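Have a look at coords-v9.pdb; it's PDB, C-alpha atoms and all ligand atoms:
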ATOM      1  CA  MET N  81      60.606  96.988  88.129
ATOM      2  CA  LEU N  82      57.320  98.903  88.187
ATOM      3  CA  ILE N  83      56.684 101.219  91.152
ATOM      4  CA  GLU N  84      53.062 102.246  91.623
ATOM      5  CA  SER N  85      52.517 105.595  93.318
ATOM      6  CA  ARG N  86      50.866 105.830  96.708
ATOM      7  CA  PRO N  87      48.880 108.785  98.069
ATOM      8  CA  VAL N  88      50.641 110.762 100.808
ATOM      9  CA  LYS N  89      49.089 113.645 102.760
ATOM     10  CA  LEU N  90      51.430 116.591 103.142
ATOM     11  CA  THR N  91      51.475 118.642 106.319
ATOM     12  CA  THR N  92      50.065 121.853 104.924
ATOM     13  CA  ARG N  93      47.134 124.078 105.668
ATOM     14  CA  THR N  94      45.009 122.605 102.916
ATOM     15  CA  GLY N  95      46.121 119.040 103.515
ATOM     16  CA  ILE N  96      47.000 118.355  99.893
ATOM     17  CA  SER N  97      47.715 114.821  98.789
ATOM     18  CA  VAL N  98      50.549 113.844  96.453
ATOM     19  CA  ASP N  99      51.323 110.675  94.493
ATOM     20  CA  ARG N 100      54.691 109.389  95.727
ATOM     21  CA  THR N 101      56.768 106.766  93.915
ATOM     22  CA  ILE N 102      60.178 106.967  95.591
ATOM     23  CA  PRO N 103      61.409 106.446  98.213
ATOM     24  CA  HIS N 104      59.796 103.014  98.110
ATOM     25  CA  ALA N 105      60.445  99.809 100.083
ATOM     26  CA  ARG N 106      61.976  98.297  96.931
ATOM     27  CA  LEU N 107      63.671 101.397  95.549
ATOM     28  CA  LYS N 108      65.292 104.174  97.613
ATOM     29  CA  THR N 109      67.061 106.162  94.934
ATOM     30  CA  ILE N 110      67.564 106.498  91.172
ATOM     31  CA  GLY N 111      71.044 107.976  90.841
ATOM     32  CA  ALA N 112      70.927 110.732  93.473
ATOM     33  CA  TRP N 113      67.187 111.314  92.864
ATOM     34  CA  CYS N 114      65.655 110.313  96.177
ATOM     35  CA  PHE N 115      62.120 111.656  96.147
ATOM     36  CA  ILE N 116      59.459 111.866  93.435
ATOM     37  CA  ASP N 117      56.117 113.486  94.264
ATOM     38  CA  HIS N 118      53.468 114.147  91.647
ATOM     39  CA  PHE N 119      50.719 116.650  92.470
ATOM     40  CA  GLY N 120      47.408 117.350  90.703
ATOM     41  CA  PRO N 121      45.988 118.289  88.304
ATOM     42  CA  THR N 122      43.773 119.895  90.900
ATOM     43  CA  LYS N 123      41.506 122.898  91.320
ATOM     44  CA  GLN N 124      42.835 125.978  93.054
ATOM     45  CA  THR N 125      40.571 125.279  96.042
ATOM     46  CA  ASP N 126      42.975 122.439  96.798
ATOM     47  CA  GLY N 127      45.942 124.631  95.896
ATOM     48  CA  MET N 128      49.384 124.520  97.352
ATOM     49  CA  VAL N 129      49.851 126.513 100.556
ATOM     50  CA  VAL N 130      52.962 125.162 102.209
ATOM     51  CA  SER N 131      54.152 127.236 105.164
ATOM     52  CA  ALA N 132      57.814 127.740 106.034
ATOM     53  CA  HIS N 133      59.669 124.475 106.559
ATOM     54  CA  PRO N 134      63.349 123.512 106.552
ATOM     55  CA  HIS N 135      65.583 121.290 104.419
ATOM     56  CA  THR N 136      69.109 119.919 104.769
ATOM     57  CA  GLY N 137      71.421 117.803 102.621
ATOM     58  CA  LEU N 138      69.383 117.878  99.408
ATOM     59  CA  GLN N 139      68.267 119.869  96.374
ATOM     60  CA  THR N 140      64.570 120.418  95.672
ATOM     61  CA  VAL N 141      63.516 120.500  92.019
ATOM     62  CA  THR N 142      60.120 122.076  91.349
ATOM     63  CA  TRP N 143      58.603 121.575  87.891
ATOM     64  CA  LEU N 144      55.123 122.656  86.827
ATOM     65  CA  PHE N 145      52.859 121.403  84.054
ATOM     66  CA  GLU N 146      50.091 123.881  84.916
ATOM     67  CA  GLY N 147      49.687 126.775  87.349
ATOM     68  CA  GLN N 148      52.036 129.201  89.078
ATOM     69  CA  ILE N 149      53.791 128.900  92.421
ATOM     70  CA  GLU N 150      55.601 131.553  94.425
ATOM     71  CA  HIS N 151      58.719 130.359  96.227
ATOM     72  CA  ARG N 152      60.243 132.306  99.126
ATOM     73  CA  ASP N 153      63.232 131.282 101.185
ATOM     74  CA  SER N 154      65.541 132.260 104.016
ATOM     75  CA  ILE N 155      68.375 133.392 101.718
ATOM     76  CA  GLY N 156      66.115 136.113 100.305
ATOM     77  CA  SER N 157      64.791 134.458  97.153
ATOM     78  CA  VAL N 158      61.302 135.412  95.969
ATOM     79  CA  GLN N 159      60.564 133.606  92.724
ATOM     80  CA  LEU N 160      57.451 132.958  90.713
ATOM     81  CA  ILE N 161      57.641 129.733  88.754
ATOM     82  CA  GLU N 162      55.612 128.850  85.662
ATOM     83  CA  PRO N 163      55.350 125.718  83.510
ATOM     84  CA  GLY N 164      58.559 124.916  81.644
ATOM     85  CA  GLN N 165      60.739 126.671  84.218
ATOM     86  CA  LEU N 166      62.797 125.130  86.985
ATOM     87  CA  ASN N 167      63.212 126.153  90.600
ATOM     88  CA  LEU N 168      66.246 124.496  92.129
ATOM     89  CA  MET N 169      66.917 124.995  95.811
ATOM     90  CA  THR N 170      70.159 123.617  97.186
ATOM     91  CA  ALA N 171      69.588 123.211 100.916
ATOM     92  CA  GLY N 172      73.134 122.206 101.851
ATOM     93  CA  HIS N 173      73.681 122.902 105.550
ATOM     94  CA  GLY N 174      70.227 124.415 105.970
ATOM     95  CA  ILE N 175      67.523 126.597 104.438
ATOM     96  CA  SER N 176      63.816 127.192 104.978
ATOM     97  CA  HIS N 177      61.209 128.018 102.345
ATOM     98  CA  SER N 178      57.493 128.287 101.611
ATOM     99  CA  GLU N 179      55.433 127.563  98.498
ATOM    100  CA  LEU N 180      52.158 129.221  97.559
ATOM    101  CA  SER N 181      50.092 128.586  94.449
ATOM    102  CA  LEU N 182      48.775 131.900  93.147
ATOM    103  CA  ALA N 183      45.090 132.802  93.251
ATOM    104  CA  THR N 184      45.164 133.452  89.505
ATOM    105  CA  THR N 185      45.898 129.772  89.012
ATOM    106  CA  GLU N 186      42.901 127.645  88.018
ATOM    107  CA  VAL N 187      44.624 124.305  87.942
ATOM    108  CA  LEU N 188      47.838 123.191  89.559
ATOM    109  CA  HIS N 189      49.820 120.248  88.212
ATOM    110  CA  ALA N 190      53.423 119.687  89.229
ATOM    111  CA  VAL N 191      56.190 117.385  90.298
ATOM    112  CA  GLN N 192      58.592 117.971  93.127
ATOM    113  CA  LEU N 193      61.770 115.940  93.061
ATOM    114  CA  TRP N 194      64.632 115.776  95.516
ATOM    115  CA  VAL N 195      68.268 115.138  94.763
ATOM    116  CA  ALA N 196      70.470 113.910  97.609
ATOM    117  CA  LEU N 197      73.705 115.861  97.996
ATOM    118  CA  PRO N 198      76.822 113.687  98.225
ATOM    119  CA  LYS N 199      78.589 113.590 101.591
ATOM    120  CA  GLU N 200      81.242 116.132 100.485
ATOM    121  CA  GLN N 201      78.544 118.704  99.618
ATOM    122  CA  MET N 202      75.838 117.955 102.159
ATOM    123  CA  ASN N 203      76.879 120.905 104.337
ATOM    124  CA  ILE N 204      77.600 123.510 101.655
ATOM    125  CA  ALA N 205      76.022 126.972 101.889
ATOM    126  CA  PRO N 206      72.401 127.076 100.731
ATOM    127  CA  ALA N 207      71.666 128.404  97.232
ATOM    128  CA  PHE N 208      68.731 128.973  94.912
ATOM    129  CA  GLU N 209      68.503 129.153  91.142
ATOM    130  CA  HIS N 210      65.673 129.741  88.705
ATOM    131  CA  GLN N 211      66.116 128.392  85.170
ATOM    132  CA  ALA N 212      63.682 130.037  82.750
ATOM    133  CA  ASP N 213      65.474 129.136  79.520
ATOM    134  CA  LEU N 214      66.244 125.434  79.608
ATOM    135  CA  PRO N 215      67.275 123.497  76.486
ATOM    136  CA  VAL N 216      64.396 122.332  74.303
ATOM    137  CA  ILE N 217      64.904 119.209  72.218
ATOM    138  CA  ASN N 218      62.830 118.622  69.096
ATOM    139  CA  GLN N 219      63.174 115.270  67.388
ATOM    140  CA  PRO N 220      60.683 113.402  65.227
ATOM    141  CA  GLY N 221      57.884 112.403  67.608
ATOM    142  CA  ILE N 222      59.682 113.678  70.734
ATOM    143  CA  ARG N 223      59.723 117.091  72.384
ATOM    144  CA  ALA N 224      61.825 117.334  75.514
ATOM    145  CA  LYS N 225      62.830 119.971  78.054
ATOM    146  CA  LEU N 226      66.082 119.262  79.782
ATOM    147  CA  LEU N 227      65.980 120.124  83.493
ATOM    148  CA  VAL N 228      69.422 118.892  84.452
ATOM    149  CA  GLY N 229      72.346 117.022  82.885
ATOM    150  CA  GLU N 230      72.777 115.973  79.249
ATOM    151  CA  PHE N 231      70.287 114.303  76.948
ATOM    152  CA  LEU N 232      69.902 113.884  73.163
ATOM    153  CA  GLY N 233      72.871 116.159  72.505
ATOM    154  CA  ALA N 234      71.687 119.020  74.736
ATOM    155  CA  LYS N 235      73.236 120.194  78.007
ATOM    156  CA  SER N 236      71.404 121.929  80.857
ATOM    157  CA  PRO N 237      73.029 124.770  82.851
ATOM    158  CA  THR N 238      71.460 123.565  86.131
ATOM    159  CA  THR N 239      73.859 123.004  89.053
ATOM    160  CA  HIS N 240      74.350 119.392  90.121
ATOM    161  CA  PHE N 241      76.938 117.485  92.133
ATOM    162  CA  THR N 242      76.625 113.913  90.839
ATOM    163  CA  GLU N 243      76.140 112.458  87.355
ATOM    164  CA  LEU N 244      72.423 113.079  86.758
ATOM    165  CA  VAL N 245      69.789 113.648  84.132
ATOM    166  CA  GLY N 246      66.249 114.981  84.426
ATOM    167  CA  ALA N 247      63.945 115.719  81.468
ATOM    168  CA  GLU N 248      60.305 116.257  80.576
ATOM    169  CA  LEU N 249      59.361 114.140  77.549
ATOM    170  CA  ARG N 250      56.322 114.666  75.325
ATOM    171  CA  LEU N 251      55.881 111.770  72.948
ATOM    172  CA  ASP N 252      53.626 111.558  69.917
ATOM    173  CA  PRO N 253      51.599 108.369  69.410
ATOM    174  CA  GLY N 254      53.799 105.547  68.110
ATOM    175  CA  ALA N 255      56.967 103.675  68.977
ATOM    176  CA  HIS N 256      60.036 105.500  70.275
ATOM    177  CA  SER N 257      63.550 104.506  71.159
ATOM    178  CA  ILE N 258      64.928 106.696  73.955
ATOM    179  CA  PRO N 259      68.732 106.655  74.145
ATOM    180  CA  LEU N 260      70.184 105.940  77.578
ATOM    181  CA  ASN N 261      73.616 106.213  79.206
ATOM    182  CA  PRO N 262      74.593 102.616  80.125
ATOM    183  CA  LEU N 263      76.316 103.910  83.294
ATOM    184  CA  PHE N 264      73.016 105.364  84.560
ATOM    185  CA  GLU N 265      69.953 103.815  86.156
ATOM    186  CA  TYR N 266      66.656 105.468  85.192
ATOM    187  CA  GLY N 267      63.066 106.040  86.156
ATOM    188  CA  LEU N 268      60.260 106.975  83.755
ATOM    189  CA  LEU N 269      57.197 108.487  85.418
ATOM    190  CA  LEU N 270      53.946 108.640  83.437
ATOM    191  CA  VAL N 271      52.268 112.017  84.003
ATOM    192  CA  GLU N 272      49.624 112.103  81.248
ATOM    193  CA  GLY N 273      48.475 109.946  78.372
ATOM    194  CA  ASP N 274      49.438 106.316  77.990
ATOM    195  CA  ALA N 275      52.797 104.589  77.669
ATOM    196  CA  SER N 276      54.368 101.164  77.664
ATOM    197  CA  VAL N 277      58.013 101.213  78.710
ATOM    198  CA  ALA N 278      60.147  98.182  77.780
ATOM    199  CA  GLY N 279      56.884  96.266  77.305
ATOM    200  CA  ASP N 280      55.293  97.230  80.643
ATOM    201  CA  GLU N 281      52.157  99.352  80.479
ATOM    202  CA  LEU N 282      52.498 102.163  83.024
ATOM    203  CA  PRO N 283      49.532 103.184  85.164
ATOM    204  CA  LYS N 284      49.342 106.971  85.469
ATOM    205  CA  THR N 285      51.708 108.471  88.108
ATOM    206  CA  SER N 286      53.642 105.215  88.356
ATOM    207  CA  LEU N 287      57.281 104.720  87.509
ATOM    208  CA  LYS N 288      59.239 102.177  85.522
ATOM    209  CA  TYR N 289      62.748 101.551  86.888
ATOM    210  CA  LEU N 290      65.533 100.658  84.467
ATOM    211  CA  ALA N 291      68.779  99.203  85.812
ATOM    212  CA  PRO N 292      72.161 100.345  84.426
ATOM    213  CA  GLY N 293      73.650  98.677  81.364
ATOM    214  CA  GLN N 294      71.110  99.670  78.723
ATOM    215  CA  SER N 295      71.829 102.006  75.811
ATOM    216  CA  ALA N 296      68.181 102.579  74.851
ATOM    217  CA  VAL N 297      64.628 101.850  75.998
ATOM    218  CA  SER N 298      61.546 101.394  73.860
ATOM    219  CA  VAL N 299      58.492 103.458  74.734
ATOM    220  CA  THR N 300      55.220 103.070  72.855
ATOM    221  CA  SER N 301      52.116 105.191  73.188
ATOM    222  CA  SER N 302      48.666 104.923  71.575
ATOM    223  CA  HIS N 303      47.484 108.476  72.211
ATOM    224  CA  GLY N 304      50.672 110.326  73.190
ATOM    225  CA  ALA N 305      52.344 110.668  76.562
ATOM    226  CA  LEU N 306      53.873 113.138  78.974
ATOM    227  CA  LEU N 307      56.650 111.543  81.011
ATOM    228  CA  MET N 308      59.387 112.611  83.399
ATOM    229  CA  LEU N 309      62.728 110.922  82.889
ATOM    230  CA  VAL N 310      65.186 110.858  85.799
ATOM    231  CA  GLY N 311      68.488 109.027  85.878
ATOM    232  CA  GLY N 312      71.988 108.960  87.228
ATOM    233  CA  VAL N 313      74.958 106.909  88.309
ATOM    234  CA  PRO N 314      73.739 104.694  91.190
ATOM    235  CA  LEU N 315      74.396 106.362  94.544
ATOM    236  CA  GLU N 316      77.060 104.523  96.535
ATOM    237  CA  GLU N 317      76.094 106.153  99.824
ATOM    238  CA  ARG N 318      73.382 105.231 102.241
ATOM    239  CA  LEU N 319      71.167 108.071 103.476
ATOM    240  CA  VAL N 320      69.135 108.869 106.526
ATOM    241  CA  MET N 321      65.971 110.586 105.268
ATOM    242  CA  TRP N 322      63.551 111.973 107.791
ATOM    243  CA  TRP N 323      60.775 114.474 107.078
ATOM    244  CA  ASN N 324      62.487 117.268 105.115
ATOM    245  CA  PHE N 325      66.021 116.390 106.148
ATOM    246  CA  ILE N 326      68.707 114.213 104.640
ATOM    247  CA  GLY N 327      71.745 113.296 106.708
ATOM    248  CA  ARG N 328      74.069 110.386 107.236
ATOM    249  CA  SER N 329      73.216 109.540 110.849
ATOM    250  CA  HIS N 330      70.448 109.633 113.428
ATOM    251  CA  GLU N 331      72.371 112.452 115.128
ATOM    252  CA  ASP N 332      72.381 114.574 111.944
ATOM    253  CA  ILE N 333      68.592 114.391 111.867
ATOM    254  CA  GLN N 334      68.166 114.924 115.610
ATOM    255  CA  LEU N 335      70.280 118.085 115.459
ATOM    256  CA  ALA N 336      68.524 119.492 112.372
ATOM    257  CA  ARG N 337      65.165 118.832 113.997
ATOM    258  CA  GLN N 338      66.136 120.514 117.246
ATOM    259  CA  GLU N 339      67.608 123.512 115.419
ATOM    260  CA  TRP N 340      64.435 123.953 113.383
ATOM    261  CA  ASN N 341      62.089 123.617 116.329
ATOM    262  CA  THR N 342      64.111 126.156 118.344
ATOM    263  CA  ARG N 343      64.234 128.457 115.290
ATOM    264  CA  SER N 344      68.034 128.464 115.253
ATOM    265  CA  GLU N 345      69.772 130.762 112.741
ATOM    266  CA  ARG N 346      70.798 127.666 110.767
ATOM    267  CA  PHE N 347      67.467 127.858 108.916
ATOM    268  CA  GLY N 348      67.212 131.654 108.762
ATOM    269  CA  GLU N 349      64.024 133.684 108.541
ATOM    270  CA  PHE N 350      61.852 135.283 105.896
ATOM    271  CA  GLU N 351      58.422 136.815 105.390
ATOM    272  CA  ASP N 352      55.695 135.470 103.144
ATOM    273  CA  ASN N 353      51.957 135.759 102.519
ATOM    274  CA  ILE N 354      51.191 132.483 104.277
ATOM    275  CA  GLY N 355      52.587 133.036 107.744
ATOM    276  CA  GLY N 356      53.507 130.465 110.346
ATOM    277  CA  TRP N 357      55.913 127.563 110.115
ATOM    278  CA  ILE N 358      55.566 123.804 110.145
ATOM    279  CA  PRO N 359      56.988 122.089 113.231
ATOM    280  CA  ASP N 360      58.962 118.899 112.816
ATOM    281  CA  PRO N 361      56.976 115.742 113.631
ATOM    282  CA  GLU N 362      58.177 113.606 116.560
ATOM    283  CA  LEU N 363      61.038 111.245 115.828
ATOM    284  CA  PRO N 364      60.204 107.543 116.210
ATOM    285  CA  SER N 365      61.452 105.932 119.417
ATOM    286  CA  VAL N 366      63.932 103.785 117.464
ATOM    287  CA  ARG N 367      67.196 105.072 116.000
ATOM    288  CA  LEU N 368      67.022 106.056 112.352
ATOM    289  CA  SER N 369      69.486 103.979 110.370
ATOM    290  CA  PRO N 370      71.056 104.696 106.983
ATOM    291  CA  ARG N 371      69.307 102.967 104.060
TER
HETATM  292 MN    MN X   1      60.127 121.994 100.722
END

Structure encoded using structure tokens:
Amino acid sequence: MLIESRPVKLTTRTGISVDRTIPHARLKTIGAWCFIDHFGPTKQTDGMVVSAHPHTGLQTVTWLFEGQIEHRDSIGSVQLIEPGQLNLMTAGHGISHSELSLATTEVLHAVQLWVALPKEQMNIAPAFEHQADLPVINQPGIRAKLLVGEFLGAKSPTTHFTELVGAELRLDPGAHSIPLNPLFEYGLLLVEGDASVAGDELPKTSLKYLAPGQSAVSVTSSHGALLMLVGGVPLEERLVMWWNFIGRSHEDIQLARQEWNTRSERFGEFEDNIGGWIPDPELPSVRLSPR
């Protein structure tokens, strides 16, 4: 299955647009990965200025190809992130954060991915970790950075709660065989260059989905490629995703929304250089149902 990205405007001061692949009408999740946004490359004038907003029930994974972003959150984290480093925010029961691309940054190019927390962990205490020294894999024709999980004999220290993998792959021109875990489903997102995955040529910022049961996939590239690989054991649970919240019921979302809009202590407080906070959009008049 090939999922083409669609442009989505984010509610921020600068109204930035991202290329979103999942969730998609035909594909909600890949393992516990439930959200894939690609952003840029763009000039600083369209930089990222995302005021304070909340999350529940998920982990946010921020990964840069170019630029610098400052993260601040309600558990006191202040963290600059640069290309090749990982910011992982585990929202659990509730957290709020802001993201600001620095003025020194000429070009910003990034992905933000979400991982759904399983039901047993969806209400854990919020946490934040910065990984500046992730495993690097060098094989003939392939250079990879391992964000989370295990891949090509390396193991990432990043905290996760379900069987997952996430990696940045840089491929030289030519034909490659990428080993896969047959228990996992996968997505390969083309960020730069050109790539055909299992015979399908990928348009830029689109994603090739691979069902479980395969022990390798062939990727060919004429000029070289930068790809993100995500995978995991298919999620057995159905989720209710609304705005920045993940829950299991309409009521979970309604409560999170109300507690954010009334600035309840669930989502804490912090100071940043942006100011303000993003109110939750209105819920639709129909009940949100798990999908
Ligand atoms: Mn966020």

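When only C-alpha atoms are used to measure the gap to Trp323 of chain N, the shortest distance among N:His133, N:Arg100, N:Arg346, N:Arg250 belongs to N:His133.
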
Given only C-alpha atoms as the counted atoms, nearest of N:Leu166, N:Leu363, N:Ala190, N:Leu319 to Thr238 of chain N: N:Leu166

Atom CA of Phe264 of chain N to atom CA of Thr170 of chain N, straight-line distance in Å: 22.4 Å

Selection as a list of chain:residue names: residues within 6 Å of (64.7, 104.0, 77.2), counting all atoms listed in the file: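 Residues lying no farther than 6 Å from the given point: N:Ile258, N:Pro259, N:Leu260, N:Ala296, N:Val297, N:Ser298.
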
Surroundings of ligand MN 1 (chain X) up to 12 Å, based on only C-alpha atoms and all ligand atoms, as a ChimeraX atom specification: /N:90-92,115,117,128-136,138-142,151-153,167-171,174-180,192-194,323-325,357-358

Point-to-point distance from atom CA of Ala278 of chain N to atom CA of Met81 of chain N, Å rounded to tenths: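 Separating atom CA of Ala278 of chain N from atom CA of Met81 of chain N is a distance of 10.4 Å.
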
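Distance check against Thr239 of chain N using only C-alpha atoms: of N:Ala255, N:Ala207, N:Ala105, N:Met308, the minimum falls on N:Ala207.
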
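Nearest residue to Leu282 of chain N among N:Ile149, N:Glu265, N:Pro215, N:Leu307 is N:Leu307, counting only C-alpha atoms.
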
Best match for closeness to Asp213 of chain N among N:Gly233, N:Gly254, N:Gly164, N:Gly311, counting all atoms listed in the file: N:Gly164

Nearest-residue call for Leu182 of chain N, choices N:Gln338, N:Gln159, N:Gln211, N:Thr109, using all atoms listed in the file: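 Ranked by minimum distance to Leu182 of chain N, first place goes to N:Gln159.
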
Atomic separation - atom CA of Leu251 of chain N relative to atom CA of Arg223 of chain N, Å: 6.6 Å

Quick one: residues within 8 Å of Leu144 of chain N, all atoms listed in the file counted, chain neighbours fewer than 5 positions away excluded, as a compact mmCIF listing (two decimals) with C-alpha atoms, in the frame of the given file?
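Saved file around31.txt follows:
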# COMPACT_ATOMS: atom_id res chain seq x y z
CA ILE N 161 57.64 129.73 88.75
CA GLU N 162 55.61 128.85 85.66
CA PRO N 163 55.35 125.72 83.51
CA GLY N 164 58.56 124.92 81.64
CA GLN N 165 60.74 126.67 84.22
CA LEU N 188 47.84 123.19 89.56
CA HIS N 189 49.82 120.25 88.21
CA ALA N 190 53.42 119.69 89.23
CA VAL N 191 56.19 117.38 90.30

Box for segment 352-366 of chain N - axis-aligned, 4 Å on each of the six sides, all listed atoms - centre and size in Å to one decimal, as JSON.
{"center_x": 57.6, "center_y": 119.8, "center_z": 111.0, "size_x": 20.7, "size_y": 40.0, "size_z": 24.9}

Reconstruct all heavy atoms of segment 278-286 of chain N; output as a PDB file, in the coordinates of the input.
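Written output follows (out-v5.pdb):
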ATOM      1  N   ALA N 278      59.498  99.504  77.839  1.00  0.00           N
ATOM      2  CA  ALA N 278      60.147  98.182  77.780  1.00  0.00           C
ATOM      3  C   ALA N 278      59.091  97.072  77.941  1.00  0.00           C
ATOM      4  O   ALA N 278      59.306  96.080  78.623  1.00  0.00           O
ATOM      5  CB  ALA N 278      61.230  98.060  78.844  1.00  0.00           C
ATOM      6  N   GLY N 279      57.928  97.287  77.318  1.00  0.00           N
ATOM      7  CA  GLY N 279      56.884  96.266  77.305  1.00  0.00           C
ATOM      8  C   GLY N 279      55.906  96.309  78.469  1.00  0.00           C
ATOM      9  O   GLY N 279      54.902  95.604  78.448  1.00  0.00           O
ATOM     10  N   ASP N 280      56.197  97.122  79.491  1.00  0.00           N
ATOM     11  CA  ASP N 280      55.293  97.230  80.643  1.00  0.00           C
ATOM     12  C   ASP N 280      54.388  98.442  80.492  1.00  0.00           C
ATOM     13  O   ASP N 280      54.878  99.571  80.391  1.00  0.00           O
ATOM     14  CB  ASP N 280      56.083  97.435  81.950  1.00  0.00           C
ATOM     15  CG  ASP N 280      56.511  96.121  82.566  1.00  0.00           C
ATOM     16  OD1 ASP N 280      55.978  95.070  82.139  1.00  0.00           O
ATOM     17  OD2 ASP N 280      57.371  96.156  83.456  1.00  0.00           O
ATOM     18  N   GLU N 281      53.068  98.214  80.527  1.00  0.00           N
ATOM     19  CA  GLU N 281      52.157  99.352  80.479  1.00  0.00           C
ATOM     20  C   GLU N 281      52.175 100.062  81.832  1.00  0.00           C
ATOM     21  O   GLU N 281      52.043  99.437  82.881  1.00  0.00           O
ATOM     22  CB  GLU N 281      50.740  98.875  80.154  1.00  0.00           C
ATOM     23  CG  GLU N 281      49.858 100.049  79.814  1.00  0.00           C
ATOM     24  CD  GLU N 281      48.492  99.637  79.267  1.00  0.00           C
ATOM     25  OE1 GLU N 281      48.360  98.516  78.761  1.00  0.00           O
ATOM     26  OE2 GLU N 281      47.584 100.463  79.375  1.00  0.00           O
ATOM     27  N   LEU N 282      52.368 101.385  81.786  1.00  0.00           N
ATOM     28  CA  LEU N 282      52.498 102.163  83.024  1.00  0.00           C
ATOM     29  C   LEU N 282      51.154 102.727  83.445  1.00  0.00           C
ATOM     30  O   LEU N 282      50.559 103.493  82.686  1.00  0.00           O
ATOM     31  CB  LEU N 282      53.440 103.353  82.802  1.00  0.00           C
ATOM     32  CG  LEU N 282      54.938 103.161  82.898  1.00  0.00           C
ATOM     33  CD1 LEU N 282      55.629 104.519  82.783  1.00  0.00           C
ATOM     34  CD2 LEU N 282      55.317 102.516  84.213  1.00  0.00           C
ATOM     35  N   PRO N 283      50.672 102.422  84.645  1.00  0.00           N
ATOM     36  CA  PRO N 283      49.532 103.184  85.164  1.00  0.00           C
ATOM     37  C   PRO N 283      49.967 104.633  85.382  1.00  0.00           C
ATOM     38  O   PRO N 283      51.149 104.904  85.614  1.00  0.00           O
ATOM     39  CB  PRO N 283      49.239 102.516  86.514  1.00  0.00           C
ATOM     40  CG  PRO N 283      49.927 101.202  86.472  1.00  0.00           C
ATOM     41  CD  PRO N 283      51.118 101.374  85.567  1.00  0.00           C
ATOM     42  N   LYS N 284      49.012 105.562  85.297  1.00  0.00           N
ATOM     43  CA  LYS N 284      49.342 106.971  85.469  1.00  0.00           C
ATOM     44  C   LYS N 284      49.962 107.210  86.853  1.00  0.00           C
ATOM     45  O   LYS N 284      49.564 106.561  87.819  1.00  0.00           O
ATOM     46  CB  LYS N 284      48.096 107.841  85.290  1.00  0.00           C
ATOM     47  CG  LYS N 284      48.399 109.123  84.519  1.00  0.00           C
ATOM     48  CD  LYS N 284      47.152 109.917  84.225  1.00  0.00           C
ATOM     49  CE  LYS N 284      46.631 109.597  82.827  1.00  0.00           C
ATOM     50  NZ  LYS N 284      45.528 110.479  82.434  1.00  0.00           N
ATOM     51  N   THR N 285      50.932 108.070  86.923  1.00  0.00           N
ATOM     52  CA  THR N 285      51.708 108.471  88.108  1.00  0.00           C
ATOM     53  C   THR N 285      52.581 107.352  88.664  1.00  0.00           C
ATOM     54  O   THR N 285      53.133 107.471  89.747  1.00  0.00           O
ATOM     55  CB  THR N 285      50.855 109.065  89.273  1.00  0.00           C
ATOM     56  OG1 THR N 285      50.093 108.017  89.886  1.00  0.00           O
ATOM     57  CG2 THR N 285      49.928 110.167  88.785  1.00  0.00           C
ATOM     58  N   SER N 286      52.710 106.258  87.908  1.00  0.00           N
ATOM     59  CA  SER N 286      53.642 105.215  88.356  1.00  0.00           C
ATOM     60  C   SER N 286      54.930 105.306  87.561  1.00  0.00           C
ATOM     61  O   SER N 286      55.029 106.046  86.578  1.00  0.00           O
ATOM     62  CB  SER N 286      53.000 103.838  88.256  1.00  0.00           C
ATOM     63  OG  SER N 286      52.741 103.559  86.913  1.00  0.00           O
TER      64      SER N 286
END
